[in-house]
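Enquirer: Structure incoming, see below.
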Amino acid sequence: MHMKKSSSLLILILVVGLGTVATYSIVKEIRNAKESVPPAVDLSTFETQQKNGSSSMHATQQTLPTELNLAMTFYPQAPFGDWGMPWQEACEEASILLVSDAYYHHNWTREQFRDQILALVDWENKIFGDYKNTNAKQIAQMLHDDLGLKSVIHSNPTFEDVQKILAQGHLIVMPFAGRLIGNPFYTNGGPDYHVMVIKGYKTGQKVITEDVGTSHGEDYVYPWATLQNANHDYMVPIQNGAKVMIEVLPPSIGF
């Protein structure tokens with residue numbers, strides 16, 4: 001009888017111990033998911049270049065910065081942690097509003113950012129008849145008609161394309177099949193369709209994002225291969241969506 005109790009106790013200790021190790025490994029993996037990023041570069045650095053330049057980058061690979069991180073203020077698509085509607089479907093709105101905030105220096109508070117999302121949702125409902133799952137062309141229309149920003153949609157983007165665009169001080173908005181991204185902070189495997197901002201890059205073909213789909217999304221680093229694989233414009237099924245990204249031109253370029 002004593003041996004059975006001892007065996008049971010030993011099994012319990014082993015189970016608890018293994019559970020602790022597994023939990024530690026998961027926590028460690030999540031903590032390591034966020035990488036260090038280079039110092040942020042203020043967008044005002046590019047203002048002279050933007051006024052005198054164009055939407056095309058003619059620099060060679062050798063002239064591009066090795067690493068780059070454009071400065072932005074981050075808020076998630078659920079600014080106050082409520083992931084019910086419409087916040088659950090507000091990644092497109094939140095992403096382009098972060099870009100607008102950076103370009104126009106609005107310096108929105110969290111409350112103001114929330115109100116801007118709600119206003120943009122109302123605009124979409126009036127213009128598109130819905131606000132959920134807007135595709136790249138609709139996002140470009142929102143940028144132009146509601147936020148006063150021109151954009152260029154690029155097909156089949158490469159890492160070098162990302163570098164050249166960001167090196168001009170131009171921010172990028174990119175659509176994805178969310179469940180292919182694999183962010184450990186997403187719930188239930190992530191959304192079917194997701195949009196985020198690309199704001200920088202690192203050596204080793206890694207990109208720095210403002211991932212509005214999680215409160216941990218500020219300066220979130222992904223391997224480019226991960227995002228390139230997940231890159232799909234909205235379509236049903238999402239895996240059939242085209243591979244595109246939206247280069248958002250700063251207001252200094254004008255219309």
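The chains in the structure tokens are called A, B, ... from first to last as shown; in each chain the residues are counted from 1, and the ligands are counted from 1 in the order shown.
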If DSSP is run on the backbone, what residues of segment 40-177 of chain A are helix (DSSP H, G or I)? A reply as a PyMOL selection string would be ideal.
Expert: chain A and resi 43-52+61-63+87-89+91-104+110-127+136-145+159-166
Enquirer: Select from segment 31-150 of chain A every residue with an atom at most 12 Å from any atom of segment 224-242 of chain A, then for each give the shortest pair of atoms and their distance in Å to one decimal, using only C-alpha atoms, rows by chain and rising number, as JSON lines.
Expert:
```
{"residue": "A:Glu92", "atom": "CA", "partner": "A:Tyr234", "partner_atom": "CA", "distance": 11.2}
{"residue": "A:Lys132", "atom": "CA", "partner": "A:Tyr234", "partner_atom": "CA", "distance": 10.4}
{"residue": "A:Asn133", "atom": "CA", "partner": "A:Tyr234", "partner_atom": "CA", "distance": 6.6}
{"residue": "A:Thr134", "atom": "CA", "partner": "A:Tyr234", "partner_atom": "CA", "distance": 7.0}
{"residue": "A:Asn135", "atom": "CA", "partner": "A:Tyr234", "partner_atom": "CA", "distance": 5.1}
{"residue": "A:Ala136", "atom": "CA", "partner": "A:Asp233", "partner_atom": "CA", "distance": 6.3}
{"residue": "A:Lys137", "atom": "CA", "partner": "A:Asp233", "partner_atom": "CA", "distance": 9.4}
{"residue": "A:Gln138", "atom": "CA", "partner": "A:Tyr234", "partner_atom": "CA", "distance": 10.3}
{"residue": "A:Ile139", "atom": "CA", "partner": "A:Asp233", "partner_atom": "CA", "distance": 10.7}
```
Enquirer: Could the residues in this selection be written to a file with N, CA and C atoms, as a PDB file, in the first residue's frame?
Expert:
```pdb
ATOM      1  N   GLU A  92      -7.672  46.712 -40.979  1.00  0.00           N
ATOM      2  CA  GLU A  92      -7.420  47.599 -42.115  1.00  0.00           C
ATOM      3  C   GLU A  92      -7.474  49.062 -41.677  1.00  0.00           C
ATOM      4  N   LYS A 132     -16.017  45.225 -43.250  1.00  0.00           N
ATOM      5  CA  LYS A 132     -15.208  44.028 -42.987  1.00  0.00           C
ATOM      6  C   LYS A 132     -14.500  43.577 -44.265  1.00  0.00           C
ATOM      7  N   ASN A 133     -13.254  43.139 -44.109  1.00  0.00           N
ATOM      8  CA  ASN A 133     -12.502  42.494 -45.190  1.00  0.00           C
ATOM      9  C   ASN A 133     -12.370  43.356 -46.437  1.00  0.00           C
ATOM     10  N   THR A 134     -11.867  44.562 -46.264  1.00  0.00           N
ATOM     11  CA  THR A 134     -11.622  45.420 -47.425  1.00  0.00           C
ATOM     12  C   THR A 134     -10.336  44.984 -48.122  1.00  0.00           C
ATOM     13  N   ASN A 135     -10.386  44.922 -49.447  1.00  0.00           N
ATOM     14  CA  ASN A 135      -9.219  44.464 -50.199  1.00  0.00           C
ATOM     15  C   ASN A 135      -8.263  45.625 -50.481  1.00  0.00           C
ATOM     16  N   ALA A 136      -7.181  45.337 -51.190  1.00  0.00           N
ATOM     17  CA  ALA A 136      -6.135  46.339 -51.410  1.00  0.00           C
ATOM     18  C   ALA A 136      -6.659  47.557 -52.161  1.00  0.00           C
ATOM     19  N   LYS A 137      -7.486  47.355 -53.184  1.00  0.00           N
ATOM     20  CA  LYS A 137      -8.023  48.486 -53.938  1.00  0.00           C
ATOM     21  C   LYS A 137      -8.931  49.350 -53.069  1.00  0.00           C
ATOM     22  N   GLN A 138      -9.717  48.722 -52.211  1.00  0.00           N
ATOM     23  CA  GLN A 138     -10.579  49.481 -51.311  1.00  0.00           C
ATOM     24  C   GLN A 138      -9.756  50.223 -50.257  1.00  0.00           C
ATOM     25  N   ILE A 139      -8.695  49.590 -49.790  1.00  0.00           N
ATOM     26  CA  ILE A 139      -7.804  50.258 -48.831  1.00  0.00           C
ATOM     27  C   ILE A 139      -7.171  51.481 -49.481  1.00  0.00           C
TER      28      ILE A 139
END
```
Enquirer: Go through A:His194, A:Asp115, A:Ser44, A:Phe185 and flag the residue nearest Tyr220 of chain A, using only C-alpha atoms for the distances.
Expert: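 Of A:His194, A:Asp115, A:Ser44, A:Phe185, the one nearest Tyr220 of chain A is A:Phe185, counting only C-alpha atoms.
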Enquirer: Write down as a PyMOL selection string the residues of segment 45-232 of chain A whose backbone DSSP state falls under strand (DSSP E).
Expert: chain A and resi 68-69+151-155+171-177+193-202+206-210+220-223
Enquirer: If you count only C-alpha atoms, which residues fall within 12 Å of Ile127 of chain A, apart from same-chain ones fewer than 6 positions away, as a PyMOL selection string?
Expert: chain A and resi 120-121+134+138+141-142+145-146
Enquirer: Return the single residue from A:Gly178, A:Gly148, A:Pro157, A:Pro86 that is closest to Val244 of chain A, with distances computed using only C-alpha atoms.
Expert: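 Once distances to Val244 of chain A are computed over only C-alpha atoms, the minimum belongs to A:Pro157.
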